[in-house]
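Engineer: Could you have a look at this structure, given as structure tokens, before my questions?
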Amino acid sequence: MREITSLALFVVLILFGYAQVALGATGRMSEETTACINCHASVHPGIVADWEGGRMAKVTPIAAKSMILKKRRVSFETVPTRLSHVVVGCAECHTMSPEKHKDTFEHNGYQIHVVVTPEDCATCHPVEVQQYSKNIMSHAHGNLQNNMVYRGLVDSVNGAHSFAGNKVSVTPPSEETDADSCLYCHGTMVEVSGAEVRETDQGEMAFPVLSGWPNQGVGRINPDGSMGSCAACHTRHQFSIEMARKPSTCSECHKGPDVPAYPVYMVSKHGNIYSSLGKSWNYKAVPWTVGRDFTAPTCAACHVSLLVSEEGEVAADRTHQMNDRSAWRLFGLIYAHPHPESPDTTTIKNKAGLPLPTELTGEPVANFLIDSKEQDKRRKNMRGICLACHSRGWVDGQFARMDNTVRTTNEMTLAATRVLMSAWDKGAARGLSQKDSIFNEAIEKKWVEQWLFFANSTRFASAMVGADYGVFANGRWYMSKNIQEMVDWLEFKIDNKK
Amino acid sequence: MREITSLALFVVLILFGYAQVALGATGRMSEETTACINCHASVHPGIVADWEGGRMAKVTPIAAKSMILKKRRVSFETVPTRLSHVVVGCAECHTMSPEKHKDTFEHNGYQIHVVVTPEDCATCHPVEVQQYSKNIMSHAHGNLQNNMVYRGLVDSVNGAHSFAGNKVSVTPPSEETDADSCLYCHGTMVEVSGAEVRETDQGEMAFPVLSGWPNQGVGRINPDGSMGSCAACHTRHQFSIEMARKPSTCSECHKGPDVPAYPVYMVSKHGNIYSSLGKSWNYKAVPWTVGRDFTAPTCAACHVSLLVSEEGEVAADRTHQMNDRSAWRLFGLIYAHPHPESPDTTTIKNKAGLPLPTELTGEPVANFLIDSKEQDKRRKNMRGICLACHSRGWVDGQFARMDNTVRTTNEMTLAATRVLMSAWDKGAARGLSQKDSIFNEAIEKKWVEQWLFFANSTRFASAMVGADYGVFANGRWYMSKNIQEMVDWLEFKIDNKK
Amino acid sequence: MREITSLALFVVLILFGYAQVALGATGRMSEETTACINCHASVHPGIVADWEGGRMAKVTPIAAKSMILKKRRVSFETVPTRLSHVVVGCAECHTMSPEKHKDTFEHNGYQIHVVVTPEDCATCHPVEVQQYSKNIMSHAHGNLQNNMVYRGLVDSVNGAHSFAGNKVSVTPPSEETDADSCLYCHGTMVEVSGAEVRETDQGEMAFPVLSGWPNQGVGRINPDGSMGSCAACHTRHQFSIEMARKPSTCSECHKGPDVPAYPVYMVSKHGNIYSSLGKSWNYKAVPWTVGRDFTAPTCAACHVSLLVSEEGEVAADRTHQMNDRSAWRLFGLIYAHPHPESPDTTTIKNKAGLPLPTELTGEPVANFLIDSKEQDKRRKNMRGICLACHSRGWVDGQFARMDNTVRTTNEMTLAATRVLMSAWDKGAARGLSQKDSIFNEAIEKKWVEQWLFFANSTRFASAMVGADYGVFANGRWYMSKNIQEMVDWLEFKIDNKK
């Protein structure tokens with residue numbers, strides 16, 4: 001018995017040692033991070049406890065790199081010596097390249113910056129940051145703020161309205177309002193607007209004051225000039241891969257009627273399986289094994305993660321560009337269209353001179369968009385994932401339906417657009433010819449809902465097979481109703497003008 | 001110590017043996033299924049891994065039948081010999097009765113069919129399939145497609161709209177559009193439309209091409225002529241009873257504003273208990289013990305499952321007819337009414353000659369619907385479940401409120417119907433007398449929302465005590481607002497016609 | 001080996017003993033409760049099993065009080081002797097002070113009352129009940145029913161509508177309808193309306209008949225004259241603190257568009273962390289330790305619970321008043337405003353003589369509302385919680401945005417109110433001057449949505465940083481659209497009157 005016990009103990013120790021190596025749990029905190037934590041554990045206990053629960057607090061970059069390629073979560077070739085053998089703590093990120101960050105300030109002898117940026121993260125994750133720079137999300141701030149059409153939509157939604165003398169007047173929104181609405185997801189511009197001295201438990205201390213802060217939007221403009229916020233999905237300070245892979249993370253920005261990926265997923269069979277059985281899946285395994293680690297995809301599985309079969313065959317490479325697995329940009333501005341070639345969409349001009357990827361009547365502005373060959377390539381990437389669990393006939397049928405839906409929803413958008421153009425022609429509303437906003441009248445707002453809410457929802461429902469959402473929840477029912485109401489509005493308005 | 005260890009080992013072995021029997025884990029795969037998996041484990045790893053995680057992969061039909069009656073999940077008297085002592089794998093289902101399936105094709109020496117049907121499942125589960133044939137869901141395809149009124153609604157929603165010359169015209173939707181919307185839940189008609197040869201890893205192979213595929217709708221018309229898809233709720237290929245018993249499964253088709261059982265449940269106290277504490281319930285026990293296995297009902301508990309008390313007393317027998325526990329068909333087409341007697345509702349004719357279970361003014365078409373005695377019987381079935389956790393006074397109060405809500409929501413529907421009929425009378429809209437669609441004008445669409453969305457939501461909220469949903473979320477607020485808007489529309493329209 | 005085994009056994013026993021004390025699991029059931037359970041375990045197995053799963057079934061009041069102050073869940077000084085050494089079972093609550101409860105009835109020799117009230121719970125939890133009496137929720141019944149303006153809203157929503165002779169007429173709703181809608185959350189008035197004899201398994205027995213029953217609304221008027229229902233959040237009969245701390249509990253009444261705290265939370269980063277990682281949190285610890293027990297707040301964390309850091313420092317004291325952590329009453333009736341001083345809001349009168357906390361044009365009725373000093377104090381309470389996980393700059397930025405949103409949403413409400421007042425002035429609608437309901441016409445209902453749905457949603461989205469909900473889901477987009485539609489409605493209506 002004694003021998004058995006000793007043997008068991010030996011096995012346990014071996015396994016424990018293996019686990020240590022597997023986790024790379026060989027790290028210690030740097031002196032700098034220790035200094036941070038000495039105070040901040042009591043000043044902001046939640047942040048510190050959260051970080052301690054994550055992998056960054058346990059693994060050194062060198063240990064992370066020591067794994068075989070497919071299991072790695074880091075992509076650097078070399079990492080600065082001072083980082084290599086300590087875990088990634090407060091100081092490692094918040095004192096990185098202090099000269100590049102305009103929000104750097106002196107703090108107890110350290111040069112600290114508030115806003116950790118993709119440039120900082122690229123120290124260990126350069127490939128992911130590089131891929132993300134091709135992701136249209138990384139340009140989400142400028143693509144909204146520097147496109148006069150979209151900015152007109154923002155102003156008409158967020159602007160302050162007043163009513164006097166039978167007329168509504170709208171003044172542009174404040175930065176705070178924009179930061180609290182569109183730019184929460186698109187990202188604010190974070191700038192140092194001043195400095196202040198605060199009374200703290202450690203006496204008076206100086207801090208920078210930031211405008212556009214707080215923010216974690218995907219296209220945030222950072223004080224070091226970089227674009228994006230990795231924390232949008234890789235939530236501070238645990239940076240849990242489990243969280244990044246779960247649909248609720250994507251839902252922070254993809255839940256509303258304009259881009260309803262989350263509600264569509266949750267009403268799909270995939271979402272149903274996730275809701276019912278997902279509690280026992282393994283969300284931490286790298287690479288992510290289809291069928292063993294999970295039995296239905298989350299958002300990340302189809303759009304981001306490195307997927308393999310139990311035999312180790314790669315079903316999809318990891319990507320942070322994301323749209324390289326999608327043939328269509330479903331998100332209709334104003335019609336669904338092939339993805340833009342460049343993540344910077346402000347350079348696009350259609351024939352009418354508007355910065356839109358299609359004409360007002362739907363024709364794609366082809367020279368700014370990917371061609372059908374590139375679409376086929378991206379479609380093939382996605383199909384490869386589907387085929388891990390579905391037969392070819394199943395997948396063919398699904399993709400044919402989605403192409404049909406892209407076509408029919410574009411038609412339904414065109415019908416609504418023609419009603420609006422008729423309203424402009426007849427003077428019932430004021431549009432482009434009158435150099436007026438195309439978003440500020442009741443019929444124009446109905447038109448926006450046609451493509452931004454209803455056509456869009458119908459396409460997402462088709463693409464992700466959450467059909468219910470595309471009928472009565474927010475889809476075809478409303479497209480058909482909305483057209484009738486636009487026509488009636490036009491009739492009432494014209495009659496009144498007589 | 002040695003003796004204790006030996007004893008412990010013995011106990012463990014006994015328990016393990018018991019578990020083996022309890023699970024019926026005595027099965028091996030058939031040679032045919034082994035052949036399937038030899039290739040498909042690498043072609044479609046997700047399907048195979050999913051199946052391996054389920055009970056079908058572990059239990060033979062004979063082992064499943066060997067349990068005491070209440071614990072059984074199978075209901076056959078005899079099962080073909082070739083199935084009795086192997087687990088239920090690919091070949092067992094996909095080669096069942098090949099001559100009956102029009103989608104059967106030769107595949108590596110086997111006669112495979114793509115679409116597994118209730119007829120196939122009935123081999124081991126004949127009682128459930130028989131019950132399901134009385135469930136109105138099993139007729140969901142024909143009840144929609146072969147009812148000219150409902151089909152008119154589908155066409156007006158899914159049809160392609162265009163606007164030219166001040167007029168909207170609507171053309172009927174394609175099969176693909178219908179399959180991607182209404183028929184996702186109602187079920188498509190799956191037919192063999194051709195054959196194709198595909199290049200595969202094993203060389204060229206021939207496969208049938210199916211139209212209406214993929215689909216798992218509850219009333220799917222199958223290539224063997226049967227109706228329904230067990231996989232709608234018993235999701236392939238794990239066929240987890242846990243999943244069938246969780247509300248997200250029902251939500252795939254019962255989440256939208258037309259039939260909002262899921263959102264109502266989730267805002268009810270029952271749903272709250274499920275969301276908060278349901279993670280520790282036992283969803284796999286058969287029978288399902290109230291209070292021990294779960295402390296608040298899911299959809300399945302009230303509408304489907306075999307429920308017992310800790311003392312073993314039956315609170316409800318298992319049913320796949322489902323409506324035999326419900327007195328009212330809440331789903332207002334156009335008014336709430338007693339359940340139809342036959343699951344095939346296309347045979348119903350009201351006095352006006354329309355295939356509707358009520359007149360346009362609300363009176364039930366009694367001779368096609370269950371009588372009050374049958375309603376009482378069904379009400380009693382449901383009350384028996386409520387009483388497992390609630391006092392008689394509590395249940396009486398709840399049922400009185402629901403009856404009140406059926407009455408008042410029918411009145412609110414009648415008020416909206418009278419506005420519409422007035423519009424038809426006055427020529428403000430074109431309806432039955434003009435032989436025009438009753439769903440294609442703005443006021444008609446408002447009328448549809450009155451019963452299909454708002455009255456319906458209010459009733460579900462009352463029946464399942466998710467009151468919040470029946471007020472501002474999608475209920476009484478909108479019923480009252482909608483009537484005022486219909487009246488205004490009528491006024492504007494008539495004034496314009498002057 | 002034997003020694004080690006003995007030692008292990010000893011350690012296990014010690015730990016088990018400690019756990020016993022820690023849980024206070026020293027209790028036995030009273031004879032009275034044993035008598036209840038002898039029958040009710042078979043009559044209502046679900047209730048009994050549910051109770052058995054909770055803490056009340058295991059801990060005596062004296063054991064509960066024996067813990068150090070911060071760990072206590074009871075707040076009594078003394079408790080009646082008969083209760084001190086038995087667990088809290090059926091009889092302990094349902095026979096408490098029988099003379100005070102009008103619903104007390106004789107039942108097998110015991111004086112039982114059906115409705116357990118806050119007065120009963122105060123036996124062990126007097127501090128919490130006292131705090132709750134200052135919570136505006138405890139007055140939710142009267143604040144709705146006894147305020148003629150709000151009651152007018154209820155009547156216009158719940159009233160029975162009929163259409164005849166081109167006119168809509170509305171009659172007041174029945175008590176059953178109100179109980180099934182607004183009063184589900186606000187609380188019904190529960191009264192003894194009679195008695196009845198029922199045939200039971202134990203023969204004929206007499207029971208009281210209650211009107212307004214069942215109900216668990218937060219402001220329920222109980223048969224003992226007390227207000228509220230602890231079971232609204234502390235769900236019978238498990239009374240799980242885990243459940244009270246989870247957001248789905250609050251969602252029962254805070255999910256709809258009028259008060260969308262839950263959907264806003266679920267689209268926020270906090271909600272995302274909860275959804276992704278919350279499954280492994282400790283919801284039962286008292287006190288509740290930030291960062292260790294949970295890494296993002298639930299509703300209860302910010303608004304109710306006793307929060308401490310790992311070092312034991314208190315971040316927030318427990319409160320059942322709840323609004324003592326909030327500077328603003330976001331819930332715009334009709335505008336956001338400082339919280340009322342008294343939980344009874346029926347005493348408020350504005351300059352126009354209406355029982356509203358603001359004028360119709362937005363000015364707060366200051367002498368009934370807390371002053372800016374009290375607002376600062378409450379704001380500081382909430383900031384203390386934020387600072388446990390966020391830096392000062394972060395929190396400052398967040399609070400500034402929220403104040404901006406209070407201001408801008410009030411402006412958007414004012415614009416809509418001016419359109420409505422113009423409609424009243426011009427005779428297009430009938431309002432206060434015509435002594436007509438201000439809620440019963442289409443434009444009035446649009447006005448209600450402006451503040452009750454859209455402005456409200458935008459504010460909740462800002463306060464809880466669920467920005468997405470405040471834009472397209474139910475916020476700024478609809479505020480801006482609604483104003484345009486109100487103006488058009490006014491134009492059409494006036495034109496028709498010409």
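In the structure tokens, the first chain shown is A, the next is B, and so on; residue numbers restart at 1 for each chain, and ligands run from 1 in the order shown.
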Return as a ChimeraX atom specification the residues belonging to chain C that are within 8 Å of chain A, counting only C-alpha atoms.
Structural biologist: /C:1,267-269,272-273,275-277,290-292,295,309-311,387-391,393-394,397-398,401,404-405,408,411-412,414-416,418-419,462,465-473,476-477,479-481,484-485,487-488,492,495
Engineer: Go through segment 19-149 of chain C and collect every residue that DSSP, computed from the backbone, puts in alpha helix (DSSP H); the answer should be as a PyMOL selection string.
Structural biologist: chain C and resi 19-23+31-43+45-52+61-65+81-84+90-94+118-121+126-133+140-145+148-149
Engineer: For a test of reading the model, state the distance in Å between atom CA of Ile62 of chain C and atom CA of Thr95 of chain C, rounded to one decimal.
Structural biologist: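 Going from atom CA of Ile62 of chain C over to atom CA of Thr95 of chain C covers 19.4 Å.
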Engineer: Determine, counting only C-alpha atoms, which protein, DNA and RNA residues have an atom within 9 Å of an atom of Lys71 of chain C; residues of the same chain fewer than 6 positions away are not included. Present the result as a list of chain:residue names.
Structural biologist: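 Selected residues are C:Ala285, C:Val286, C:Pro287.
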Engineer: If DSSP is run on the backbone, what residues of segment 235-388 of chain C are strand (DSSP E)? A reply as a PDB file with all heavy atoms, in the first residue's frame would be ideal.
Structural biologist:
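File out.pdb, as written:
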```
ATOM      1  N   TRP C 288     -19.728  40.741   0.530  1.00  0.00           N
ATOM      2  CA  TRP C 288     -19.413  40.387  -0.851  1.00  0.00           C
ATOM      3  C   TRP C 288     -18.120  41.095  -1.243  1.00  0.00           C
ATOM      4  O   TRP C 288     -18.071  42.337  -1.244  1.00  0.00           O
ATOM      5  CB  TRP C 288     -20.571  40.826  -1.743  1.00  0.00           C
ATOM      6  CG  TRP C 288     -20.859  39.896  -2.885  1.00  0.00           C
ATOM      7  CD1 TRP C 288     -20.372  38.646  -3.083  1.00  0.00           C
ATOM      8  CD2 TRP C 288     -21.738  40.171  -4.002  1.00  0.00           C
ATOM      9  NE1 TRP C 288     -20.892  38.108  -4.248  1.00  0.00           N
ATOM     10  CE2 TRP C 288     -21.727  39.017  -4.831  1.00  0.00           C
ATOM     11  CE3 TRP C 288     -22.518  41.255  -4.376  1.00  0.00           C
ATOM     12  CZ2 TRP C 288     -22.471  38.943  -6.007  1.00  0.00           C
ATOM     13  CZ3 TRP C 288     -23.270  41.174  -5.548  1.00  0.00           C
ATOM     14  CH2 TRP C 288     -23.240  40.025  -6.351  1.00  0.00           C
ATOM     15  N   THR C 289     -17.083  40.299  -1.567  1.00  0.00           N
ATOM     16  CA  THR C 289     -15.754  40.865  -1.783  1.00  0.00           C
ATOM     17  C   THR C 289     -15.495  41.156  -3.263  1.00  0.00           C
ATOM     18  O   THR C 289     -15.463  40.238  -4.090  1.00  0.00           O
ATOM     19  CB  THR C 289     -14.675  39.909  -1.236  1.00  0.00           C
ATOM     20  OG1 THR C 289     -14.948  39.666   0.144  1.00  0.00           O
ATOM     21  CG2 THR C 289     -13.292  40.530  -1.371  1.00  0.00           C
ATOM     22  N   LEU C 307     -20.515  45.669   0.279  1.00  0.00           N
ATOM     23  CA  LEU C 307     -19.324  45.327  -0.498  1.00  0.00           C
ATOM     24  C   LEU C 307     -18.061  45.635   0.292  1.00  0.00           C
ATOM     25  O   LEU C 307     -17.955  46.694   0.910  1.00  0.00           O
ATOM     26  CB  LEU C 307     -19.285  46.142  -1.798  1.00  0.00           C
ATOM     27  CG  LEU C 307     -20.463  46.035  -2.749  1.00  0.00           C
ATOM     28  CD1 LEU C 307     -20.210  46.890  -3.990  1.00  0.00           C
ATOM     29  CD2 LEU C 307     -20.724  44.592  -3.138  1.00  0.00           C
ATOM     30  N   VAL C 308     -17.107  44.725   0.232  1.00  0.00           N
ATOM     31  CA  VAL C 308     -15.820  44.966   0.890  1.00  0.00           C
ATOM     32  C   VAL C 308     -14.684  44.609  -0.070  1.00  0.00           C
ATOM     33  O   VAL C 308     -14.889  43.917  -1.063  1.00  0.00           O
ATOM     34  CB  VAL C 308     -15.666  44.123   2.177  1.00  0.00           C
ATOM     35  CG1 VAL C 308     -16.752  44.473   3.193  1.00  0.00           C
ATOM     36  CG2 VAL C 308     -15.686  42.638   1.862  1.00  0.00           C
ATOM     37  N   VAL C 314     -14.762  48.498   3.751  1.00  0.00           N
ATOM     38  CA  VAL C 314     -16.123  48.572   3.211  1.00  0.00           C
ATOM     39  C   VAL C 314     -16.194  49.554   2.040  1.00  0.00           C
ATOM     40  O   VAL C 314     -15.856  50.726   2.191  1.00  0.00           O
ATOM     41  CB  VAL C 314     -17.118  48.998   4.315  1.00  0.00           C
ATOM     42  CG1 VAL C 314     -18.493  49.262   3.722  1.00  0.00           C
ATOM     43  CG2 VAL C 314     -17.201  47.917   5.392  1.00  0.00           C
ATOM     44  N   ALA C 315     -16.620  49.070   0.888  1.00  0.00           N
ATOM     45  CA  ALA C 315     -16.824  49.949  -0.263  1.00  0.00           C
ATOM     46  C   ALA C 315     -18.239  50.511  -0.267  1.00  0.00           C
ATOM     47  O   ALA C 315     -18.489  51.607  -0.774  1.00  0.00           O
ATOM     48  CB  ALA C 315     -16.551  49.195  -1.560  1.00  0.00           C
ATOM     49  N   ALA C 316     -19.189  49.763   0.293  1.00  0.00           N
ATOM     50  CA  ALA C 316     -20.577  50.241   0.378  1.00  0.00           C
ATOM     51  C   ALA C 316     -21.297  49.427   1.439  1.00  0.00           C
ATOM     52  O   ALA C 316     -21.135  48.209   1.519  1.00  0.00           O
ATOM     53  CB  ALA C 316     -21.287  50.078  -0.967  1.00  0.00           C
ATOM     54  N   TRP C 328     -29.711  60.882  -9.283  1.00  0.00           N
ATOM     55  CA  TRP C 328     -30.819  61.223 -10.173  1.00  0.00           C
ATOM     56  C   TRP C 328     -31.869  60.138 -10.166  1.00  0.00           C
ATOM     57  O   TRP C 328     -31.549  58.954 -10.106  1.00  0.00           O
ATOM     58  CB  TRP C 328     -30.325  61.367 -11.633  1.00  0.00           C
ATOM     59  CG  TRP C 328     -29.444  62.533 -11.879  1.00  0.00           C
ATOM     60  CD1 TRP C 328     -28.096  62.505 -12.058  1.00  0.00           C
ATOM     61  CD2 TRP C 328     -29.835  63.899 -11.996  1.00  0.00           C
ATOM     62  NE1 TRP C 328     -27.625  63.767 -12.272  1.00  0.00           N
ATOM     63  CE2 TRP C 328     -28.673  64.651 -12.238  1.00  0.00           C
ATOM     64  CE3 TRP C 328     -31.063  64.565 -11.924  1.00  0.00           C
ATOM     65  CZ2 TRP C 328     -28.687  66.031 -12.405  1.00  0.00           C
ATOM     66  CZ3 TRP C 328     -31.071  65.944 -12.090  1.00  0.00           C
ATOM     67  CH2 TRP C 328     -29.895  66.667 -12.325  1.00  0.00           C
ATOM     68  N   ARG C 329     -33.101  60.538 -10.260  1.00  0.00           N
ATOM     69  CA  ARG C 329     -34.153  59.602 -10.619  1.00  0.00           C
ATOM     70  C   ARG C 329     -34.264  59.658 -12.139  1.00  0.00           C
ATOM     71  O   ARG C 329     -34.882  60.558 -12.705  1.00  0.00           O
ATOM     72  CB  ARG C 329     -35.472  60.000  -9.955  1.00  0.00           C
ATOM     73  CG  ARG C 329     -36.537  58.932 -10.085  1.00  0.00           C
ATOM     74  CD  ARG C 329     -37.769  59.306  -9.282  1.00  0.00           C
ATOM     75  NE  ARG C 329     -38.824  58.344  -9.403  1.00  0.00           N
ATOM     76  CZ  ARG C 329     -40.107  58.661  -9.529  1.00  0.00           C
ATOM     77  NH1 ARG C 329     -40.488  59.937  -9.532  1.00  0.00           N
ATOM     78  NH2 ARG C 329     -41.016  57.721  -9.630  1.00  0.00           N
ATOM     79  N   HIS C 337     -35.098  63.796 -12.808  1.00  0.00           N
ATOM     80  CA  HIS C 337     -35.112  64.801 -11.743  1.00  0.00           C
ATOM     81  C   HIS C 337     -34.439  64.228 -10.500  1.00  0.00           C
ATOM     82  O   HIS C 337     -34.263  63.013 -10.383  1.00  0.00           O
ATOM     83  CB  HIS C 337     -36.558  65.197 -11.436  1.00  0.00           C
ATOM     84  CG  HIS C 337     -37.455  64.025 -11.152  1.00  0.00           C
ATOM     85  ND1 HIS C 337     -38.068  63.288 -12.147  1.00  0.00           N
ATOM     86  CD2 HIS C 337     -37.829  63.441  -9.993  1.00  0.00           C
ATOM     87  CE1 HIS C 337     -38.773  62.313 -11.601  1.00  0.00           C
ATOM     88  NE2 HIS C 337     -38.641  62.374 -10.299  1.00  0.00           N
ATOM     89  N   PRO C 338     -34.083  65.092  -9.551  1.00  0.00           N
ATOM     90  CA  PRO C 338     -33.550  64.575  -8.283  1.00  0.00           C
ATOM     91  C   PRO C 338     -34.621  63.706  -7.609  1.00  0.00           C
ATOM     92  O   PRO C 338     -35.822  63.961  -7.773  1.00  0.00           O
ATOM     93  CB  PRO C 338     -33.292  65.850  -7.462  1.00  0.00           C
ATOM     94  CG  PRO C 338     -33.159  66.943  -8.476  1.00  0.00           C
ATOM     95  CD  PRO C 338     -34.078  66.566  -9.595  1.00  0.00           C
TER      96      PRO C 338
END
```
Engineer: For Leu83 of chain C, list every protein, DNA or RNA residue within 9 Å, evaluated using only C-alpha atoms, and leave out those in the same chain fewer than 4 positions away; present the list as a PyMOL selection string.
Structural biologist: chain C and resi 30+60-62+79+87-88+92
Engineer: Name the residues in contact with segment 145-149 of chain A at a cut-off of 12 Å, using only C-alpha atoms, excluding same-chain residues fewer than 5 positions from it; report them as a count of residues only.
Structural biologist: 37
Engineer: To one decimal place in Å, what is the distance between atom CA of Thr358 of chain C and atom CA of Ser433 of chain C?
Structural biologist: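 Computing the Euclidean distance for atom CA of Thr358 of chain C and atom CA of Ser433 of chain C yields 18.5 Å.
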Engineer: Rank nothing, just name the residue among A:Ala400, A:Val74, A:Cys90, A:Ala301 nearest to Val127 of chain A, using only C-alpha atoms.
Structural biologist: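 Looking at the shortest contact to Val127 of chain A, the residue is A:Val74.
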Engineer: Distance atom CA of Leu369 of chain A-atom CA of His339 of chain A, one decimal place?
Structural biologist: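 These two atoms are separated by 5.6 Å.
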